Amino acid sequence: MQAYIFEKFGREKLKMVERPVPEPASDEIVLKMKAVSLNFRDLLMVEGNYNPRMKLPVVPCSDGVGVVSAVGSNVKDWKIGERAMPVFAPGWYDGDPERTHLRGAIGGPADGTLQQYMRLKAVDAVKAPEHLTDEEAATLPCAGLTAWSALVEKGPVKAGEQILALGTGGVSVFALQFGVMFGAEVVITSGSDDKLARAKELGARHCINYKTQPNWEKEVARITRLRGVDHVIEVGGMGTLERSVKSVRPGGSIYLIGVLAGRSAPVDLTPVLMQNIRIQGVVVGHRRAFNEMNRAIELHGMRPVVDRVFSFGEAQAAFDYLRSGSHFGKVCIRVD
């Protein structure tokens with residue numbers, strides 16, 4: 001089979017190698033991968049900005065879907081031909097994660113989904129929603145579940161509440177879709193009016209162009225009549241955190257998910273203390289939440305937003321496209 005690995009850090013260091021097709025142990029299954037989607041975490045991992053001391057080589061990517069091609073002798077819950085998605089952190093089934101779960105996260109430090117066949121324990125896979133294409137299903141294990149964990153597991157968001165989603169990448173667009181699903185009023189930002197128009201079509205109530213309105217927290221204050229939003233999907237990191245603090249209501253929640261705008265910057269934390277604001281880190285989610293999210297997606301017929309699909313041989317170009325920030329929603333790779 002063919003698999004992508006990086007033995008040194010850098011997008012240009014990605015290379016395709018030949019590996020034997022794995023055989024399952026008694027409690028394992030093997031997936032013939034059908035599609036993979038890219039996350040900013042994958043980009044950071046490949047470029048060496050996530051864990052520069054990580055042991056290499058590694059197969060990148062945490063999101064993906066495949067078809068069961070082999071099952072171990074003791075596996076009862078899976079049949080050949082069923083469509084399955086790997087969980088992000090093997091062994092994390094409910095509750096708070098343990099360090100051992102996160103140390104085994106796929107796509108780094110453990111091998112990820114950007115390979116033609118993938119072996120995993122049967123309990124570390126969940127069934128894909130039947131109505132989704134392979135590319136749509138491939139977006140769920142990491143990006144989809146991260147947004148769900150923030151708004152549902154850590155929230156929970158309630159009908160009539162207000163959500164601020166920063167940007168129009170994968171997690172933020174999922175947050176928009178889930179927010180609409182639960183009857184929330186969604187405010188979203190982007191530097192592109194075209195992307196904001198697409199967000200409006202998905203149900204965003206208010207759209208803010210942060211290039212023409214760089215002090216976008218003031219627009220959030222206007223929209224909310226100085227109250228502030230109930231929830232903030234914070235994917236910018238320290239570069240946008242202070243504006244998010246100014247955008248959330250007293251007692252509201254900021255879900256710290258990404259570091260697109262920087263890892264370090266001076267931030268005045270006084271409002272956090274004085275206004276009882278919660279800043280909650282979110283690292284994807286556990287298997288129970290994954291299954292519950294999938295049931296909700298099936299019930300509502302929701303379809304993840306896929307911006308562009310690359311072939312398996314175009315993995316380097318797919319990472320370059322993700323780095324450009326041109327996408328709306330998810331960037332996927334079809335595993336040929």
# chains A, B, ... in the order shown; residues from 1 in each chain; ligands from 1
>>> residues_around(residues="stretch 276-287 of chain A", least_positions_apart="6", cutoff="7 Å", atoms="only C-alpha atoms", output="JSON, numbers by chain")
{"A": [87, 92, 93, 94, 142, 145, 146, 149, 150, 250, 251, 252, 253, 254, 255, 256, 257]}
>>> residues_around(residues="A:Ala184", least_positions_apart="4", cutoff="7 Å", atoms="only C-alpha atoms", output="PyMOL selection string")
chain A and resi 158-163+179-180
>>> atom_distance(atom1="atom CA of A:Glu28", atom2="atom CA of A:Val75")
6.9 Å
>>> select_by_dssp(residues="stretch 85-299 of chain A", states="strand (DSSP E)", output="count of residues only")
43
>>> atom_distance(atom1="atom CA of A:Gly170", atom2="atom CA of A:Val65")
16.4 Å
>>> residues_around(residues="stretch 309-323 of chain A", least_positions_apart="5", cutoff="6 Å", atoms="only C-alpha atoms", output="ChimeraX atom specification")
/A:332-336
>>> atom_distance(atom1="atom CA of A:Gly112", atom2="atom CA of A:Asp42")
9.6 Å
>>> closest_residue(among="A:Ala289, A:Ala175, A:Val232, A:Val67", to="A:Lys34", atoms="only C-alpha atoms")
A:Val67
>>> residues_around(residues="A:Val248", least_positions_apart="5", cutoff="7 Å", atoms="only C-alpha atoms", output="VMD selection string")
chain A and resid 228 to 232
>>> select_by_dssp(residues="stretch 46-139 of chain A", states="alpha helix (DSSP H)", output="list in words")
Val46, Glu47, Arg99, Thr100, His101, Leu102, Arg103, Asp134, Glu135, Glu136 and Ala137 of chain A
>>> closest_residue(among="A:Leu14, A:Ala105, A:Met45, A:Met118", to="A:Val30", atoms="only C-alpha atoms")
A:Met118
>>> residues_around(residues="A:Gln116", least_positions_apart="3", cutoff="6 Å", atoms="only C-alpha atoms", output="PDB file with C-alpha atoms, in the first residue's frame")
ATOM      1  CA  GLN A   2       0.976   3.643  -0.238  1.00  0.00           C
ATOM      2  CA  LYS A  32      -9.340   0.765   3.462  1.00  0.00           C
ATOM      3  CA  MET A  33      -9.248   4.556   3.616  1.00  0.00           C
TER       4      MET A  33
END
>>> closest_residue(among="A:Arg99, A:Arg119, A:Arg11, A:Arg249", to="A:Leu31", atoms="only C-alpha atoms")
A:Arg119
>>> residues_around(residues="A:Leu299", least_positions_apart="4", cutoff="12 Å", atoms="only C-alpha atoms", output="list in words")
Pro129, Glu130, His131, Met181, Glu292, Met293, Asn294, Arg295 and Arg303 of chain A
>>> residues_around(residues="A:Ser26", least_positions_apart="3", cutoff="12 Å", atoms="only C-alpha atoms", output="MDAnalysis selection string")
chainID A and resid 23 29:30 70:76 119:122
>>> closest_residue(among="A:Gly48, A:Pro141, A:Pro97, A:Gly237", to="A:Pro109", atoms="only C-alpha atoms")
A:Gly48
>>> closest_residue(among="A:Gln115, A:Asp96, A:Val68, A:Met54", to="A:Met1", atoms="only C-alpha atoms")
A:Gln115
>>> closest_residue(among="A:Cys207, A:Ala35, A:Leu102, A:Ala165", to="A:Ser244", atoms="only C-alpha atoms")
A:Ala165
